[in-house]
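Peer 1: Structure: entry34.cif, mmCIF, C-alpha atoms.
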```cif
data_target
#
loop_
_atom_site.label_atom_id
_atom_site.label_comp_id
_atom_site.auth_asym_id
_atom_site.auth_seq_id
_atom_site.Cartn_x
_atom_site.Cartn_y
_atom_site.Cartn_z
CA MET A 1 -11.03 -28.39 13.07
CA ASP A 2 -9.79 -31.82 14.14
CA ASN A 3 -6.82 -32.77 11.97
CA ARG A 4 -5.95 -35.99 13.77
CA GLU A 5 -5.09 -39.00 11.63
CA PRO A 6 -8.05 -41.36 12.27
CA LEU A 7 -5.88 -44.47 12.46
CA MET A 8 -3.34 -42.92 14.85
CA PRO A 9 -3.91 -44.13 18.40
CA THR A 10 -3.72 -41.95 21.51
CA ILE A 11 -2.50 -43.23 24.86
CA GLY A 12 -5.31 -43.69 27.35
CA VAL A 13 -5.03 -44.14 31.10
CA VAL A 14 -7.69 -46.15 32.94
CA THR A 15 -8.67 -44.01 35.95
CA ASP A 16 -11.64 -45.98 37.26
CA ILE A 17 -13.06 -49.50 36.85
CA ARG A 18 -16.63 -50.19 37.94
CA ILE A 19 -17.97 -53.74 38.21
CA ASP A 20 -21.46 -53.65 36.69
CA THR A 21 -22.37 -57.33 36.49
CA PRO A 22 -20.50 -60.64 36.89
CA ASP A 23 -19.12 -60.25 33.32
CA VAL A 24 -19.38 -56.49 32.57
CA LYS A 25 -17.02 -53.76 33.76
CA THR A 26 -17.11 -50.05 32.95
CA PHE A 27 -13.74 -48.43 32.26
CA ARG A 28 -13.12 -44.69 32.61
CA VAL A 29 -10.37 -43.46 30.27
CA VAL A 30 -8.47 -40.16 29.95
CA THR A 31 -5.23 -39.09 28.24
CA PRO A 32 -2.01 -38.96 30.33
CA ASP A 33 -2.66 -35.22 30.91
CA GLY A 34 -6.11 -35.99 32.33
CA LYS A 35 -8.28 -34.94 29.36
CA LYS A 36 -10.74 -36.64 27.03
CA ALA A 37 -8.99 -38.36 24.10
CA PHE A 38 -11.37 -36.80 21.53
CA GLU A 39 -14.93 -35.56 21.08
CA HIS A 40 -17.66 -37.89 19.81
CA LYS A 41 -21.37 -38.04 19.07
CA PRO A 42 -23.87 -40.49 20.66
CA GLY A 43 -23.64 -43.90 19.00
CA GLN A 44 -20.05 -43.60 17.82
CA CYS A 45 -17.35 -46.14 18.71
CA ALA A 46 -13.66 -46.24 19.52
CA MET A 47 -10.97 -48.83 18.99
CA LEU A 48 -9.27 -49.88 22.22
CA SER A 49 -5.96 -51.67 21.90
CA ILE A 50 -3.57 -53.49 24.17
CA PRO A 51 -0.23 -53.61 22.33
CA GLY A 52 0.89 -57.19 21.93
CA VAL A 53 -2.57 -58.55 22.78
CA GLY A 54 -4.97 -57.11 20.19
CA GLU A 55 -7.60 -54.48 19.62
CA ALA A 56 -11.38 -54.33 19.46
CA MET A 57 -14.13 -51.80 18.73
CA PHE A 58 -16.40 -50.72 21.58
CA SER A 59 -19.25 -48.26 21.99
CA ILE A 60 -18.43 -45.07 23.81
CA THR A 61 -20.97 -45.35 26.60
CA SER A 62 -20.47 -41.95 28.19
CA SER A 63 -22.38 -39.00 26.75
CA PRO A 64 -20.54 -36.35 24.68
CA THR A 65 -21.84 -33.89 27.29
CA ASN A 66 -19.39 -35.42 29.78
CA GLU A 67 -16.36 -33.20 29.27
CA GLU A 68 -14.00 -34.91 31.71
CA TYR A 69 -13.57 -38.50 30.50
CA MET A 70 -14.89 -41.30 28.28
CA GLU A 71 -16.40 -44.55 29.49
CA PHE A 72 -16.69 -48.01 27.95
CA SER A 73 -18.90 -50.77 29.36
CA ILE A 74 -17.28 -54.01 28.24
CA LYS A 75 -18.50 -57.59 28.50
CA LYS A 76 -15.87 -60.30 28.98
CA CYS A 77 -16.17 -62.51 25.89
CA GLY A 78 -12.78 -62.95 24.22
CA CYS A 79 -9.03 -62.38 24.30
CA VAL A 80 -8.99 -58.55 24.33
CA THR A 81 -11.93 -58.23 26.71
CA GLU A 82 -10.43 -60.79 29.12
CA TRP A 83 -7.22 -58.80 29.19
CA LEU A 84 -9.16 -55.56 29.80
CA HIS A 85 -11.07 -57.22 32.63
CA SER A 86 -7.78 -58.14 34.31
CA MET A 87 -6.53 -54.52 34.19
CA GLU A 88 -6.07 -52.30 37.21
CA VAL A 89 -6.58 -48.57 37.64
CA GLY A 90 -3.53 -46.64 36.37
CA GLN A 91 -2.71 -48.99 33.49
CA GLU A 92 -2.42 -47.69 29.93
CA ILE A 93 -4.14 -48.75 26.71
CA THR A 94 -4.32 -47.05 23.33
CA ILE A 95 -7.49 -45.54 21.95
CA ARG A 96 -8.43 -44.28 18.49
CA GLY A 97 -11.60 -42.84 17.02
CA PRO A 98 -14.32 -41.73 16.97
CA TYR A 99 -15.72 -44.01 14.29
CA GLY A 100 -19.08 -44.52 12.71
CA HIS A 101 -22.31 -42.81 11.87
CA PRO A 102 -23.98 -41.55 15.09
CA PHE A 103 -27.62 -41.34 16.16
CA PRO A 104 -29.34 -38.27 14.64
CA VAL A 105 -29.84 -36.66 18.06
CA ASP A 106 -29.63 -33.09 16.72
CA THR A 107 -31.85 -33.60 13.67
CA GLU A 108 -34.44 -36.41 13.35
CA PHE A 109 -34.80 -36.96 17.12
CA VAL A 110 -35.40 -33.31 18.09
CA GLY A 111 -38.93 -32.63 19.33
CA LYS A 112 -39.86 -36.34 19.37
CA ASP A 113 -40.93 -38.66 22.16
CA MET A 114 -38.19 -41.26 22.62
CA LEU A 115 -38.50 -45.00 23.26
CA PHE A 116 -35.24 -46.80 24.14
CA ILE A 117 -35.34 -50.62 24.18
CA ALA A 118 -32.30 -52.61 25.32
CA GLY A 119 -31.39 -56.16 26.23
CA GLY A 120 -28.36 -57.10 28.36
CA ILE A 121 -25.13 -55.35 27.37
CA GLY A 122 -27.24 -53.65 24.65
CA LEU A 123 -27.89 -50.87 27.15
CA ALA A 124 -24.22 -49.80 26.88
CA PRO A 125 -24.42 -48.23 23.38
CA LEU A 126 -27.74 -46.56 24.30
CA ARG A 127 -26.45 -45.02 27.54
CA SER A 128 -24.65 -42.20 25.68
CA VAL A 129 -27.85 -41.33 23.76
CA ILE A 130 -30.07 -41.55 26.85
CA ASN A 131 -27.76 -39.29 28.86
CA TYR A 132 -27.43 -36.87 25.92
CA CYS A 133 -31.24 -36.60 25.74
CA ARG A 134 -31.42 -36.19 29.54
CA HIS A 135 -28.81 -33.42 29.40
CA TYR A 136 -30.68 -31.52 26.66
CA ARG A 137 -34.04 -32.43 28.17
CA ASP A 138 -36.03 -29.57 26.61
CA ARG A 139 -35.13 -30.69 23.06
CA TYR A 140 -37.05 -33.98 23.36
CA GLY A 141 -40.50 -35.14 24.44
CA LYS A 142 -41.29 -37.96 26.88
CA ILE A 143 -38.57 -40.60 27.30
CA ASP A 144 -39.44 -44.27 27.88
CA ILE A 145 -36.69 -46.81 28.59
CA VAL A 146 -37.44 -50.54 28.41
CA TYR A 147 -34.53 -52.63 29.62
CA GLY A 148 -34.28 -56.34 30.29
CA SER A 149 -31.59 -58.83 31.20
CA ARG A 150 -31.21 -62.47 32.20
CA SER A 151 -31.27 -61.68 35.91
CA MET A 152 -31.27 -58.76 38.32
CA GLN A 153 -27.47 -59.17 38.66
CA ASP A 154 -27.05 -58.81 34.86
CA LEU A 155 -28.69 -55.37 34.62
CA VAL A 156 -25.95 -52.95 33.51
CA ASP A 157 -25.86 -49.42 35.03
CA TYR A 158 -28.49 -50.46 37.60
CA GLN A 159 -27.47 -47.86 40.21
CA GLU A 160 -27.54 -45.06 37.62
CA ILE A 161 -30.97 -46.25 36.45
CA ILE A 162 -32.59 -46.27 39.89
CA ASN A 163 -30.74 -43.26 41.35
CA GLU A 164 -30.83 -40.94 38.34
CA TRP A 165 -32.95 -42.01 35.35
CA GLU A 166 -36.00 -43.06 37.34
CA LYS A 167 -35.97 -39.74 39.23
CA ASP A 168 -36.03 -37.54 36.10
CA ALA A 169 -39.26 -35.75 35.18
CA GLY A 170 -40.70 -37.05 31.92
CA VAL A 171 -38.56 -40.22 31.99
CA GLU A 172 -40.17 -43.59 32.62
CA VAL A 173 -38.09 -46.74 33.12
CA HIS A 174 -39.57 -50.21 32.59
CA LEU A 175 -37.26 -53.00 33.83
CA THR A 176 -37.72 -56.72 33.31
CA ILE A 177 -35.71 -59.90 33.90
CA ASP A 178 -36.06 -63.24 32.10
CA ARG A 179 -36.86 -65.42 35.12
CA GLU A 180 -38.28 -64.84 38.59
CA GLN A 181 -35.91 -64.17 41.49
CA PRO A 182 -36.92 -63.98 45.15
CA GLU A 183 -35.52 -60.47 45.62
CA TRP A 184 -37.02 -59.09 42.37
CA THR A 185 -40.41 -57.36 42.64
CA GLY A 186 -40.49 -55.93 39.11
CA HIS A 187 -41.70 -57.34 35.80
CA VAL A 188 -40.62 -60.82 34.68
CA GLY A 189 -40.48 -61.75 30.99
CA PHE A 190 -38.60 -61.20 27.76
CA VAL A 191 -38.16 -57.71 26.31
CA PRO A 192 -40.12 -58.19 23.01
CA ASN A 193 -43.21 -59.42 24.89
CA TYR A 194 -42.89 -56.67 27.50
CA VAL A 195 -42.80 -54.01 24.76
CA LYS A 196 -46.03 -55.40 23.29
CA GLU A 197 -47.56 -55.61 26.79
CA LEU A 198 -46.72 -51.95 27.46
CA GLY A 199 -48.43 -51.12 24.17
CA PHE A 200 -46.71 -47.86 23.28
CA ASP A 201 -48.40 -45.40 20.94
CA THR A 202 -46.57 -44.88 17.68
CA ASN A 203 -45.91 -41.12 17.66
CA LYS A 204 -42.29 -41.58 18.75
CA VAL A 205 -38.82 -42.69 17.69
CA ALA A 206 -37.75 -46.14 18.90
CA ILE A 207 -34.12 -47.14 19.38
CA LEU A 208 -33.19 -50.82 19.81
CA CYS A 209 -30.02 -52.53 20.94
CA GLY A 210 -29.39 -56.04 22.15
CA PRO A 211 -28.77 -59.57 20.91
CA PRO A 212 -29.83 -60.08 17.25
CA ILE A 213 -32.70 -62.39 18.25
CA MET A 214 -34.06 -59.74 20.63
CA ILE A 215 -33.82 -57.02 17.97
CA LYS A 216 -35.63 -59.27 15.46
CA PHE A 217 -38.59 -60.05 17.74
CA THR A 218 -38.79 -56.55 19.23
CA LEU A 219 -38.86 -54.99 15.76
CA ALA A 220 -41.66 -57.41 14.79
CA GLY A 221 -43.52 -56.42 17.97
CA LEU A 222 -43.16 -52.71 17.22
CA ILE A 223 -44.47 -53.24 13.69
CA GLU A 224 -47.41 -55.14 15.22
CA LEU A 225 -48.09 -52.08 17.41
CA GLY A 226 -48.16 -49.94 14.26
CA PHE A 227 -44.63 -48.55 14.10
CA ASP A 228 -43.02 -48.03 10.69
CA LYS A 229 -39.42 -49.18 10.14
CA THR A 230 -38.47 -45.56 9.36
CA GLN A 231 -39.25 -44.72 13.03
CA VAL A 232 -36.95 -47.40 14.44
CA TYR A 233 -33.15 -47.20 14.79
CA THR A 234 -30.63 -49.80 15.88
CA THR A 235 -26.88 -50.11 16.22
CA LEU A 236 -24.73 -52.96 14.86
CA GLU A 237 -21.20 -53.45 16.10
CA LEU A 238 -20.06 -56.73 14.69
CA ARG A 239 -16.85 -57.37 12.79
CA MET A 240 -15.39 -53.85 12.68
CA LYS A 241 -11.61 -53.70 12.40
CA CYS A 242 -10.11 -50.58 10.78
CA GLY A 243 -13.02 -48.23 11.49
CA ILE A 244 -12.75 -46.22 8.26
CA GLY A 245 -14.01 -48.56 5.53
CA LYS A 246 -10.58 -49.68 4.26
CA CYS A 247 -10.13 -53.25 5.47
CA GLY A 248 -13.50 -54.59 4.28
CA ARG A 249 -14.02 -56.82 7.30
CA CYS A 250 -17.38 -55.24 8.22
CA ASN A 251 -18.63 -55.04 4.64
CA VAL A 252 -22.20 -56.31 4.35
CA GLY A 253 -23.80 -56.03 0.93
CA ALA A 254 -23.25 -52.45 -0.24
CA LYS A 255 -22.62 -51.15 3.31
CA TYR A 256 -19.68 -50.84 5.67
CA VAL A 257 -20.83 -51.05 9.28
CA CYS A 258 -18.01 -48.76 10.43
CA LYS A 259 -18.78 -45.96 7.94
CA ASP A 260 -22.46 -46.36 7.06
CA GLY A 261 -23.30 -47.53 10.59
CA PRO A 262 -23.07 -48.66 13.28
CA VAL A 263 -26.37 -46.77 13.59
CA PHE A 264 -28.94 -47.80 11.00
CA ARG A 265 -32.60 -46.97 10.56
CA CYS A 266 -34.43 -50.29 10.37
CA ASP A 267 -35.69 -49.79 6.82
CA GLN A 268 -32.00 -49.60 5.77
CA LEU A 269 -31.42 -53.06 7.26
CA ASP A 270 -33.74 -54.53 4.62
CA GLU A 271 -31.04 -53.69 2.07
CA LEU A 272 -28.50 -55.88 3.89
CA PRO A 273 -28.10 -59.61 3.13
CA ASN A 274 -30.06 -61.93 5.44
CA GLU A 275 -27.04 -63.40 7.18
CA TYR A 276 -26.28 -60.16 9.01
#
```
Translate this file's structure into structure tokens.
Peer 2:
Amino acid sequence: MDNREPLMPTIGVVTDIRIDTPDVKTFRVVTPDGKKAFEHKPGQCAMLSIPGVGEAMFSITSSPTNEEYMEFSIKKCGCVTEWLHSMEVGQEITIRGPYGHPFPVDTEFVGKDMLFIAGGIGLAPLRSVINYCRHYRDRYGKIDIVYGSRSMQDLVDYQEIINEWEKDAGVEVHLTIDREQPEWTGHVGFVPNYVKELGFDTNKVAILCGPPIMIKFTLAGLIELGFDKTQVYTTLELRMKCGIGKCGRCNVGAKYVCKDGPVFRCDQLDELPNEY
């Protein structure tokens, strides 16, 4: 039984920093004694804090099956993320969590074919689920991954995709970039159109993550293909602050993103006000 106080931070040491894209770095974090800070489930988040600078909520991008460390893929887009991007290996941060409602990997997803659809940094929250499903491969059916970004250089986890995911039996990866590049021989075009082009059958679970506009058009495309909103899941990570439903910052309608999400089935999103 984990009796930790959910708002009490743990010290984390950054042991590795990988440059993924021009504005995304992946940080590997352990406790000072070299262990994982806490256990989590795919889709859950953690609050990373730099005392005196600020704190922000990020997806835990490593799979729970990784017993040695946690990873966070972070895009530089504000005060806290800029500070994180200037960090060096060996520096300390504080970490608290895990927060949020995870993906139902051990219930609704078991025995199903899986379709992961991501745009840009949206692959980061899905990486923990993808690697969880790869680890417990016999629990799931065929896995399709559709991933697109602005350019070849903006594809997060590219080496892992081509060296590991693409080599797995029963896993098919479909990559696309927004505009042609001389060195790119793959598909060119936006993710929602590519999903419709690929024309997936509907006997599977679909999981979406990316910019809101991409989620909106991809969901519309899936419905056009015959998917029901109850088959489609997404993850929202905007505006979370306390992580336990106390501060009210992520309150949307009758929901708190930190407690009721960040993972939502798409039919649940219809209950949220339009501005979200």
Peer 1: A:Thr81, A:Thr94, A:Ser128, A:Thr21: which is nearest Thr65 in chain A, counting only C-alpha atoms?
Peer 2: A:Ser128
Peer 1: Set the distance at 10 Å and use all atoms listed in the file: which residues neighbour Val195 in chain A once local chain neighbours fewer than 5 positions away are removed? I'd like the list as JSON, numbers by chain.
Peer 2: {"A": [117, 146, 147, 174, 190, 200, 218, 219, 221, 222, 225]}
Peer 1: Go through A:Asp201, A:Asp20, A:Glu160, A:Asp106 and flag the residue nearest Ile121 in chain A, using only C-alpha atoms for the distances.
Peer 2: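 Among A:Asp201, A:Asp20, A:Glu160, A:Asp106, it is A:Asp20 that comes nearest to Ile121 in chain A.
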Peer 1: Could you jot down the CA of Met8 in chain A to CA of His101 in chain A separation for me, Å, one decimal place?
Peer 2: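 Going from CA of Met8 in chain A over to CA of His101 in chain A covers 19.2 Å.
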Peer 1: Report as JSON the centre and the edge lengths, in Å to one decimal, of the axis-aligned box holding every listed atom of range 212-227 of chain A, padded by 4 Å on each side.
Peer 2:
```
{"center_x": -39.0, "center_y": -55.5, "center_z": 17.2, "size_x": 26.3, "size_y": 21.8, "size_z": 14.9}
```
Peer 1: Skipping near chain neighbours, those fewer than 2 positions away, what residues fall within 7 Å of Val13 in chain A using only C-alpha atoms, listed as a list in words?
Peer 2: Ile11, Thr15, Val29, Val30, Thr31, Pro32, Gly90, Gln91, Glu92 and Ile93 of chain A
Peer 1: Contacts between range 134-141 of chain A and range 26-79 of chain A, please, where a residue of range 26-79 of chain A counts if it comes within 10 Å (with all atoms listed in the file); show its shortest atom pair and distance in Å to one decimal, rows by chain and ascending number, as a tab-separated table.
Peer 2:
```
residue	atom	partner	partner_atom	distance
A:Ser63	CA	A:His135	CA	8.9
A:Pro64	CA	A:His135	CA	10.0
A:Thr65	CA	A:His135	CA	7.3
A:Asn66	CA	A:His135	CA	9.6
```
Peer 1: I'd like to see the residues matched by the PyMOL selection byres ((chain A and resi 72) around 7) on this file, and ideally I'd get them as a list in words.
Peer 2: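 Output from the PyMOL selection byres ((chain A and resi 72) around 7), applied to this file: Thr26, Phe27, Arg28, Phe58, Ser59, Ile60, Thr61, Met70, Glu71, Ser73 and Ile74 of chain A.
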Peer 1: Do you know which residues are at most 12 Å from Thr185 in chain A counting only C-alpha atoms, after dropping those on the same chain fewer than 3 positions away, and could you put them as a ChimeraX atom specification?
Peer 2: /A:152,175-177,179-182,188
Peer 1: Under the PyMOL selection byres ((chain A and resi 46-56) around 6), which residues of this model are included? Write them out as a PyMOL selection string.
Peer 2: chain A and resi 45+57-58+80+93-98
Peer 1: Keeping only C-alpha atoms, write those residues as a CSV table (one decimal), in the frame of the given file.
Peer 2:
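Contents of the output file selection-v2.csv:
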```csv
chain,number,residue,atom,x,y,z
A,45,CYS,CA,-17.4,-46.1,18.7
A,57,MET,CA,-14.1,-51.8,18.7
A,58,PHE,CA,-16.4,-50.7,21.6
A,80,VAL,CA,-9.0,-58.6,24.3
A,93,ILE,CA,-4.1,-48.8,26.7
A,94,THR,CA,-4.3,-47.0,23.3
A,95,ILE,CA,-7.5,-45.5,22.0
A,96,ARG,CA,-8.4,-44.3,18.5
A,97,GLY,CA,-11.6,-42.8,17.0
A,98,PRO,CA,-14.3,-41.7,17.0
```
Peer 1: Between CA of Ile143 in chain A and CA of Leu198 in chain A, what is the distance in Å, rounded to a tenth?
Peer 2: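 Calculated distance between CA of Ile143 in chain A and CA of Leu198 in chain A is 14.0 Å.
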Peer 1: Could you name the residues that touch Glu108 in chain A at 12 Å or less, counting all atoms listed in the file, but leaving out those on the same chain fewer than 6 positions away, as JSON, numbers by chain?
Peer 2: {"A": [102, 114, 139, 140, 204, 205, 206, 230, 231, 232, 233, 265]}
Peer 1: Mind pulling up the distance from CA of Leu123 in chain A to CA of Gly100 in chain A?
Peer 2: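 Those two atoms sit 18.1 Å apart.
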Peer 1: Name the residues that the PyMOL selection byres ((chain A and resi 153) around 12) picks from the file above, as a list in words, using the file's chain letters and numbers.
Peer 2: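 On this input, the PyMOL selection byres ((chain A and resi 153) around 12) captures Ile19, Asp20, Thr21, Pro22, Asp23, Val24, Gly120, Gly148, Ser149, Arg150, Ser151, Met152, Asp154, Leu155, Val156, Asp157, Tyr158, Gln159, Thr176, Ile177, Asp178, Arg179, Gln181, Glu183 and Trp184 of chain A.
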Peer 1: Counting all atoms listed in the file, what is within 8 Å of Val173 in chain A, bar same-chain residues fewer than 3 positions away, as number ranges by chain?
Peer 2: A: 144-147, 161, 165-166
